[in-house]
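Notes follow once the structure below has been shown.
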Amino acid sequence: MADTLRRGDFEASIDAVLSDDELAGDVMLRLEDQGIEDGPLGMLLRRQTSSDMLRSARRSSDVASMSAATGLSDSRVEATGYDLLLKRCKPAAQQILIKGPKGSGKTVLGIDIVRRLFAEFDGELSVATNVRGPDEHEAVTFVETMSGLLEWVRDTKGEKIALMDEWSTTMNAHAHPGGDVRSTVSRFVNALRKGTGGSTRLLIIGHEHDTDIAAILRTQADVVIHKAGKADEGLADQAAVYDGWQSYVKDDEALKIRGLADVPASSTWGADTNYFAYFEPDLDAPREQIKRGKLVKDWQQYQDEAQEEQESDLERIKCRGSKSGGGACGQLTDHVSGFCGYHRDQWNGDDDPRRVTNDEGDDDT
């Protein structure tokens with residue numbers, strides 16, 4: 001717009017438009033109408049209003065205003081930042097971590113990166129995600145289990161990226177040594193990076209605190225993006241980019257991006273804001289189920305048979321889990337916990353108290 005105004009393709013005064021002082025802008029417009037805009041008063045007003053506007057823009061990191069005032073197209077500035085970010089996210093098997101405060105727009109940023117990469121690959125990019133909404137796009141597959149994601153990686157050809165939300169909650173058991181989840185997550189993440197053609201990129205949405213993010217998701221990150229604060233703090237369109245976790249820890253920032261775009265809910269890529277992303281580590285024997293970076297075809301035979309037999313004898317009951325927005329779930333499940341797959345993370349390990357054992361040793365509901 002600034003370039004168009006300067007060329008005279010639009011009936012307006014660029015100096016009057018850029019002035020934050022309406023009265024000063026009107027005076028400059030009148031001076032221009034009289035052909036005396038280059039006189040002492042016009043020069044003084046232009047210098048004063050431009051200085052005031054740029055000072056305010058610098059304090060608030062308002063790149064758009066600074067770019068317009070200096071004649072540098074804002075879209076060009078924005079594209080430069082995104083180009084540098086996409087260049088880091090594009091290589092095969094990249095692991096990208098987005099972290100930041102709750103409500104800062106991390107998921108939207110992740111979707112926007114995937115959307116831009118999809119364009120970079122001219123639509124030749126397959127996407128898997130556990131975020132509801134983008135899966136309406138023909139190139140996107142919705143998955144929320146380890147087995148489902150590994151099957152997708154195994155069976156999907158070409159360039160791929162997996163956008164996974166809420167992994168800080170699901171995978172954090174990896175941070176505590178000794179558990180089965182630690183081995184499962186480690187083999188699972190490495191299998192993603194070593195999948196067919198080694199091309200699967202992994203974009204993880206994490207939490208603000210480092211300890212909330214499983215160690216393997218942190219230390220193996222090739223790119224770390226720290227999303228700035230919330231919209232009401234004037235920082236929602238900003239993010240800092242680091243070349244790996246060590247650079248993030250040292251605060252060795254590679255670049256800062258401003259002018260981040262929103263993804264409208266009405267868009268094909270738009271996210272369902274009423275849906276709480278879920279992901280289940282459903283593999284019981286990763287050593288046998290993941291071979292040479294792939295989920296084996298007959299992976300189900302290695303699941304805990306005793307647990308499966310126990311669950312198969314149980315009647316289906318209503319899930320005792322609670323929805324993220326409040327209220328009971330009510331979905332039918334035959335799992336011993338009494339929780340359906342969506343709310344299994346609420347299970348503390350105890351059997352459902354609604355299931356009792358009678359004198360004959362049979363389970364009743």
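The way I read the labels, and the way they are meant: chains A, B, ... in the order of the structure tokens, residue 1 as the first residue of every chain, and ligand 1 as the first ligand shown, with later ones counted on from there.
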All residues 7 Å or closer to A:Glu166, only C-alpha atoms, same chain fewer than 5 positions away omitted, as a list in words
Ile205, Gly206, Ala277 and Tyr278 of chain A
Save the residues we just selected, all heavy atoms, as a tab-separated table (two decimals), in the first residue's frame?
chain	number	residue	atom	x	y	z
A	205	ILE	N	3.84	-29.43	19.69
A	205	ILE	CA	3.38	-28.29	20.47
A	205	ILE	C	3.63	-28.61	21.94
A	205	ILE	O	3.08	-29.58	22.47
A	205	ILE	CB	1.87	-28.02	20.26
A	205	ILE	CG1	1.54	-27.95	18.78
A	205	ILE	CG2	1.47	-26.74	20.98
A	205	ILE	CD1	2.21	-26.84	18.03
A	206	GLY	N	4.50	-27.83	22.59
A	206	GLY	CA	4.85	-28.08	23.99
A	206	GLY	C	4.35	-26.99	24.91
A	206	GLY	O	3.72	-26.02	24.47
A	277	ALA	N	-6.85	-31.69	22.30
A	277	ALA	CA	-6.06	-32.70	21.61
A	277	ALA	C	-5.64	-33.82	22.56
A	277	ALA	O	-5.31	-33.60	23.72
A	277	ALA	CB	-4.83	-32.07	20.98
A	278	TYR	N	-5.64	-35.04	22.04
A	278	TYR	CA	-5.34	-36.24	22.85
A	278	TYR	C	-4.41	-37.13	22.05
A	278	TYR	O	-4.48	-37.20	20.83
A	278	TYR	CB	-6.65	-36.97	23.17
A	278	TYR	CG	-6.46	-38.35	23.73
A	278	TYR	CD1	-6.19	-38.54	25.08
A	278	TYR	CD2	-6.56	-39.48	22.91
A	278	TYR	CE1	-6.00	-39.82	25.60
A	278	TYR	CE2	-6.38	-40.76	23.42
A	278	TYR	CZ	-6.11	-40.92	24.76
A	278	TYR	OH	-5.93	-42.17	25.26
Close residues, A:Gly341 itself excluded, 12 Å, only C-alpha atoms, min 5 positions apart in chain, as a PDB file with all heavy atoms, in the first residue's frame:
ATOM      1  N   GLU A 144      -4.571 -40.160  16.675  1.00  0.00           N
ATOM      2  CA  GLU A 144      -4.331 -39.815  18.076  1.00  0.00           C
ATOM      3  C   GLU A 144      -3.820 -41.012  18.887  1.00  0.00           C
ATOM      4  O   GLU A 144      -3.998 -41.074  20.094  1.00  0.00           O
ATOM      5  CB  GLU A 144      -5.577 -39.220  18.723  1.00  0.00           C
ATOM      6  CG  GLU A 144      -6.840 -40.032  18.594  1.00  0.00           C
ATOM      7  CD  GLU A 144      -8.049 -39.326  19.179  1.00  0.00           C
ATOM      8  OE1 GLU A 144      -7.893 -38.196  19.689  1.00  0.00           O
ATOM      9  OE2 GLU A 144      -9.137 -39.907  19.136  1.00  0.00           O
ATOM     10  N   THR A 145      -3.164 -41.952  18.191  1.00  0.00           N
ATOM     11  CA  THR A 145      -2.498 -43.061  18.865  1.00  0.00           C
ATOM     12  C   THR A 145      -1.127 -43.274  18.231  1.00  0.00           C
ATOM     13  O   THR A 145      -0.916 -42.939  17.069  1.00  0.00           O
ATOM     14  CB  THR A 145      -3.300 -44.374  18.748  1.00  0.00           C
ATOM     15  OG1 THR A 145      -3.403 -44.736  17.372  1.00  0.00           O
ATOM     16  CG2 THR A 145      -4.684 -44.227  19.363  1.00  0.00           C
ATOM     17  N   TYR A 278      -5.644 -35.040  22.041  1.00  0.00           N
ATOM     18  CA  TYR A 278      -5.343 -36.236  22.846  1.00  0.00           C
ATOM     19  C   TYR A 278      -4.409 -37.132  22.053  1.00  0.00           C
ATOM     20  O   TYR A 278      -4.480 -37.203  20.825  1.00  0.00           O
ATOM     21  CB  TYR A 278      -6.650 -36.965  23.167  1.00  0.00           C
ATOM     22  CG  TYR A 278      -6.462 -38.353  23.729  1.00  0.00           C
ATOM     23  CD1 TYR A 278      -6.187 -38.539  25.079  1.00  0.00           C
ATOM     24  CD2 TYR A 278      -6.563 -39.480  22.908  1.00  0.00           C
ATOM     25  CE1 TYR A 278      -6.005 -39.822  25.596  1.00  0.00           C
ATOM     26  CE2 TYR A 278      -6.380 -40.757  23.415  1.00  0.00           C
ATOM     27  CZ  TYR A 278      -6.110 -40.919  24.761  1.00  0.00           C
ATOM     28  OH  TYR A 278      -5.925 -42.166  25.263  1.00  0.00           O
ATOM     29  N   PHE A 279      -3.525 -37.830  22.747  1.00  0.00           N
ATOM     30  CA  PHE A 279      -2.643 -38.778  22.078  1.00  0.00           C
ATOM     31  C   PHE A 279      -2.314 -39.903  23.049  1.00  0.00           C
ATOM     32  O   PHE A 279      -1.912 -39.657  24.188  1.00  0.00           O
ATOM     33  CB  PHE A 279      -1.353 -38.100  21.616  1.00  0.00           C
ATOM     34  CG  PHE A 279      -0.566 -38.918  20.642  1.00  0.00           C
ATOM     35  CD1 PHE A 279      -0.923 -38.971  19.307  1.00  0.00           C
ATOM     36  CD2 PHE A 279       0.531 -39.667  21.055  1.00  0.00           C
ATOM     37  CE1 PHE A 279      -0.207 -39.741  18.395  1.00  0.00           C
ATOM     38  CE2 PHE A 279       1.248 -40.432  20.160  1.00  0.00           C
ATOM     39  CZ  PHE A 279       0.881 -40.470  18.821  1.00  0.00           C
ATOM     40  N   GLU A 280      -2.490 -41.145  22.589  1.00  0.00           N
ATOM     41  CA  GLU A 280      -2.307 -42.304  23.469  1.00  0.00           C
ATOM     42  C   GLU A 280      -1.110 -43.151  23.052  1.00  0.00           C
ATOM     43  O   GLU A 280      -1.027 -43.608  21.917  1.00  0.00           O
ATOM     44  CB  GLU A 280      -3.563 -43.184  23.450  1.00  0.00           C
ATOM     45  CG  GLU A 280      -3.440 -44.388  24.382  1.00  0.00           C
ATOM     46  CD  GLU A 280      -4.698 -45.249  24.389  1.00  0.00           C
ATOM     47  OE1 GLU A 280      -5.636 -44.916  23.643  1.00  0.00           O
ATOM     48  OE2 GLU A 280      -4.731 -46.245  25.126  1.00  0.00           O
ATOM     49  N   PRO A 281      -0.165 -43.362  23.969  1.00  0.00           N
ATOM     50  CA  PRO A 281       0.950 -44.288  23.700  1.00  0.00           C
ATOM     51  C   PRO A 281       0.479 -45.719  23.878  1.00  0.00           C
ATOM     52  O   PRO A 281       0.623 -46.316  24.951  1.00  0.00           O
ATOM     53  CB  PRO A 281       1.987 -43.894  24.770  1.00  0.00           C
ATOM     54  CG  PRO A 281       1.180 -43.317  25.888  1.00  0.00           C
ATOM     55  CD  PRO A 281      -0.036 -42.688  25.268  1.00  0.00           C
ATOM     56  N   ASP A 282      -0.119 -46.299  22.833  1.00  0.00           N
ATOM     57  CA  ASP A 282      -0.838 -47.565  22.963  1.00  0.00           C
ATOM     58  C   ASP A 282      -0.010 -48.797  22.628  1.00  0.00           C
ATOM     59  O   ASP A 282      -0.571 -49.888  22.485  1.00  0.00           O
ATOM     60  CB  ASP A 282      -2.090 -47.540  22.076  1.00  0.00           C
ATOM     61  CG  ASP A 282      -1.750 -47.397  20.592  1.00  0.00           C
ATOM     62  OD1 ASP A 282      -0.648 -46.912  20.279  1.00  0.00           O
ATOM     63  OD2 ASP A 282      -2.593 -47.752  19.752  1.00  0.00           O
ATOM     64  N   CYS A 319     -17.968 -44.193  30.153  1.00  0.00           N
ATOM     65  CA  CYS A 319     -16.684 -43.635  30.579  1.00  0.00           C
ATOM     66  C   CYS A 319     -16.879 -42.706  31.772  1.00  0.00           C
ATOM     67  O   CYS A 319     -17.792 -41.884  31.800  1.00  0.00           O
ATOM     68  CB  CYS A 319     -16.046 -42.858  29.413  1.00  0.00           C
ATOM     69  SG  CYS A 319     -14.594 -41.899  29.877  1.00  0.00           S
ATOM     70  N   ARG A 320     -16.018 -42.840  32.768  1.00  0.00           N
ATOM     71  CA  ARG A 320     -16.121 -41.998  33.959  1.00  0.00           C
ATOM     72  C   ARG A 320     -15.243 -40.753  33.857  1.00  0.00           C
ATOM     73  O   ARG A 320     -15.054 -40.037  34.833  1.00  0.00           O
ATOM     74  CB  ARG A 320     -15.746 -42.792  35.201  1.00  0.00           C
ATOM     75  CG  ARG A 320     -14.342 -43.431  35.162  1.00  0.00           C
ATOM     76  CD  ARG A 320     -14.038 -44.081  36.492  1.00  0.00           C
ATOM     77  NE  ARG A 320     -12.797 -44.861  36.467  1.00  0.00           N
ATOM     78  CZ  ARG A 320     -12.038 -45.068  37.531  1.00  0.00           C
ATOM     79  NH1 ARG A 320     -12.375 -44.533  38.698  1.00  0.00           N
ATOM     80  NH2 ARG A 320     -10.948 -45.797  37.452  1.00  0.00           N
ATOM     81  N   GLY A 321     -14.700 -40.495  32.674  1.00  0.00           N
ATOM     82  CA  GLY A 321     -13.852 -39.329  32.481  1.00  0.00           C
ATOM     83  C   GLY A 321     -14.642 -38.038  32.384  1.00  0.00           C
ATOM     84  O   GLY A 321     -15.857 -38.035  32.158  1.00  0.00           O
ATOM     85  N   CYS A 329     -18.160 -37.708  30.386  1.00  0.00           N
ATOM     86  CA  CYS A 329     -18.020 -38.137  29.001  1.00  0.00           C
ATOM     87  C   CYS A 329     -19.192 -39.014  28.590  1.00  0.00           C
ATOM     88  O   CYS A 329     -19.941 -38.676  27.685  1.00  0.00           O
ATOM     89  CB  CYS A 329     -16.700 -38.893  28.819  1.00  0.00           C
ATOM     90  SG  CYS A 329     -16.538 -39.737  27.227  1.00  0.00           S
ATOM     91  N   GLN A 331     -19.160 -41.885  27.101  1.00  0.00           N
ATOM     92  CA  GLN A 331     -18.920 -42.797  25.977  1.00  0.00           C
ATOM     93  C   GLN A 331     -18.688 -44.211  26.502  1.00  0.00           C
ATOM     94  O   GLN A 331     -18.059 -44.411  27.528  1.00  0.00           O
ATOM     95  CB  GLN A 331     -17.704 -42.325  25.181  1.00  0.00           C
ATOM     96  CG  GLN A 331     -17.375 -43.215  23.991  1.00  0.00           C
ATOM     97  CD  GLN A 331     -16.253 -42.631  23.138  1.00  0.00           C
ATOM     98  OE1 GLN A 331     -16.198 -41.440  22.935  1.00  0.00           O
ATOM     99  NE2 GLN A 331     -15.356 -43.481  22.669  1.00  0.00           N
ATOM    100  N   LEU A 332     -19.204 -45.218  25.792  1.00  0.00           N
ATOM    101  CA  LEU A 332     -19.082 -46.601  26.245  1.00  0.00           C
ATOM    102  C   LEU A 332     -17.652 -47.112  26.064  1.00  0.00           C
ATOM    103  O   LEU A 332     -16.987 -46.818  25.073  1.00  0.00           O
ATOM    104  CB  LEU A 332     -20.041 -47.499  25.478  1.00  0.00           C
ATOM    105  CG  LEU A 332     -21.537 -47.268  25.747  1.00  0.00           C
ATOM    106  CD1 LEU A 332     -22.380 -48.188  24.873  1.00  0.00           C
ATOM    107  CD2 LEU A 332     -21.862 -47.490  27.219  1.00  0.00           C
ATOM    108  N   THR A 333     -17.179 -47.873  27.056  1.00  0.00           N
ATOM    109  CA  THR A 333     -15.838 -48.448  27.011  1.00  0.00           C
ATOM    110  C   THR A 333     -15.829 -49.773  27.751  1.00  0.00           C
ATOM    111  O   THR A 333     -16.591 -49.973  28.699  1.00  0.00           O
ATOM    112  CB  THR A 333     -14.808 -47.496  27.651  1.00  0.00           C
ATOM    113  OG1 THR A 333     -13.517 -48.127  27.656  1.00  0.00           O
ATOM    114  CG2 THR A 333     -15.175 -47.141  29.084  1.00  0.00           C
ATOM    115  N   ASP A 334     -14.955 -50.697  27.297  1.00  0.00           N
ATOM    116  CA  ASP A 334     -14.807 -51.965  28.009  1.00  0.00           C
ATOM    117  C   ASP A 334     -13.433 -52.058  28.664  1.00  0.00           C
ATOM    118  O   ASP A 334     -13.001 -53.135  29.081  1.00  0.00           O
ATOM    119  CB  ASP A 334     -15.030 -53.157  27.064  1.00  0.00           C
ATOM    120  CG  ASP A 334     -14.055 -53.152  25.892  1.00  0.00           C
ATOM    121  OD1 ASP A 334     -13.216 -52.229  25.824  1.00  0.00           O
ATOM    122  OD2 ASP A 334     -14.138 -54.064  25.048  1.00  0.00           O
ATOM    123  N   HIS A 335     -12.748 -50.915  28.780  1.00  0.00           N
ATOM    124  CA  HIS A 335     -11.432 -50.921  29.397  1.00  0.00           C
ATOM    125  C   HIS A 335     -11.559 -51.093  30.902  1.00  0.00           C
ATOM    126  O   HIS A 335     -12.501 -50.592  31.538  1.00  0.00           O
ATOM    127  CB  HIS A 335     -10.699 -49.613  29.063  1.00  0.00           C
ATOM    128  CG  HIS A 335      -9.238 -49.664  29.372  1.00  0.00           C
ATOM    129  ND1 HIS A 335      -8.713 -49.269  30.574  1.00  0.00           N
ATOM    130  CD2 HIS A 335      -8.179 -50.079  28.622  1.00  0.00           C
ATOM    131  CE1 HIS A 335      -7.400 -49.424  30.559  1.00  0.00           C
ATOM    132  NE2 HIS A 335      -7.051 -49.904  29.391  1.00  0.00           N
ATOM    133  N   VAL A 336     -10.616 -51.798  31.513  1.00  0.00           N
ATOM    134  CA  VAL A 336     -10.657 -52.078  32.941  1.00  0.00           C
ATOM    135  C   VAL A 336     -10.643 -50.808  33.777  1.00  0.00           C
ATOM    136  O   VAL A 336     -11.122 -50.769  34.906  1.00  0.00           O
ATOM    137  CB  VAL A 336      -9.470 -52.995  33.332  1.00  0.00           C
ATOM    138  CG1 VAL A 336      -8.150 -52.260  33.142  1.00  0.00           C
ATOM    139  CG2 VAL A 336      -9.609 -53.500  34.770  1.00  0.00           C
ATOM    140  N   GLN A 346      -6.637 -39.634  32.320  1.00  0.00           N
ATOM    141  CA  GLN A 346      -7.157 -39.283  33.644  1.00  0.00           C
ATOM    142  C   GLN A 346      -7.099 -40.473  34.603  1.00  0.00           C
ATOM    143  O   GLN A 346      -7.425 -40.345  35.774  1.00  0.00           O
ATOM    144  CB  GLN A 346      -8.606 -38.789  33.521  1.00  0.00           C
ATOM    145  CG  GLN A 346      -8.756 -37.533  32.667  1.00  0.00           C
ATOM    146  CD  GLN A 346     -10.208 -37.119  32.508  1.00  0.00           C
ATOM    147  OE1 GLN A 346     -11.089 -37.562  33.255  1.00  0.00           O
ATOM    148  NE2 GLN A 346     -10.496 -36.263  31.524  1.00  0.00           N
ATOM    149  N   TRP A 347      -6.686 -41.612  34.119  1.00  0.00           N
ATOM    150  CA  TRP A 347      -6.639 -42.839  34.914  1.00  0.00           C
ATOM    151  C   TRP A 347      -5.433 -42.816  35.841  1.00  0.00           C
ATOM    152  O   TRP A 347      -4.315 -42.520  35.424  1.00  0.00           O
ATOM    153  CB  TRP A 347      -6.564 -44.034  33.968  1.00  0.00           C
ATOM    154  CG  TRP A 347      -6.614 -45.384  34.619  1.00  0.00           C
ATOM    155  CD1 TRP A 347      -7.216 -45.714  35.787  1.00  0.00           C
ATOM    156  CD2 TRP A 347      -6.047 -46.596  34.108  1.00  0.00           C
ATOM    157  NE1 TRP A 347      -7.075 -47.050  36.052  1.00  0.00           N
ATOM    158  CE2 TRP A 347      -6.351 -47.622  35.037  1.00  0.00           C
ATOM    159  CE3 TRP A 347      -5.324 -46.921  32.966  1.00  0.00           C
ATOM    160  CZ2 TRP A 347      -5.945 -48.926  34.845  1.00  0.00           C
ATOM    161  CZ3 TRP A 347      -4.933 -48.221  32.773  1.00  0.00           C
ATOM    162  CH2 TRP A 347      -5.240 -49.216  33.701  1.00  0.00           C
TER     163      TRP A 347
END
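Taking only stretch 219-310 of chain A, the residues that DSSP calls helix (DSSP H, G or I) from the backbone come to Thr219, Ala231, Asp232, Glu233, Trp245, Gln246, Ser247, Tyr248, Val249, Pro286, Arg287, Glu288, Gln289, Trp299, Gln300, Gln301, Tyr302, Glu305, Ala306, Gln307, Glu308, Glu309 and Gln310 of chain A.
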Need the shell around stretch 258-262 of chain A: protein/DNA/RNA residues with any atom at most 7 Å away, counting only C-alpha atoms. Skip same-chain ones fewer than 5 positions apart. Format as a PyMOL selection string?
chain A and resi 78+108+237-239
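The space between atom CA of A:Trp167 and atom CA of A:Ser322 spans 19.1 Å.
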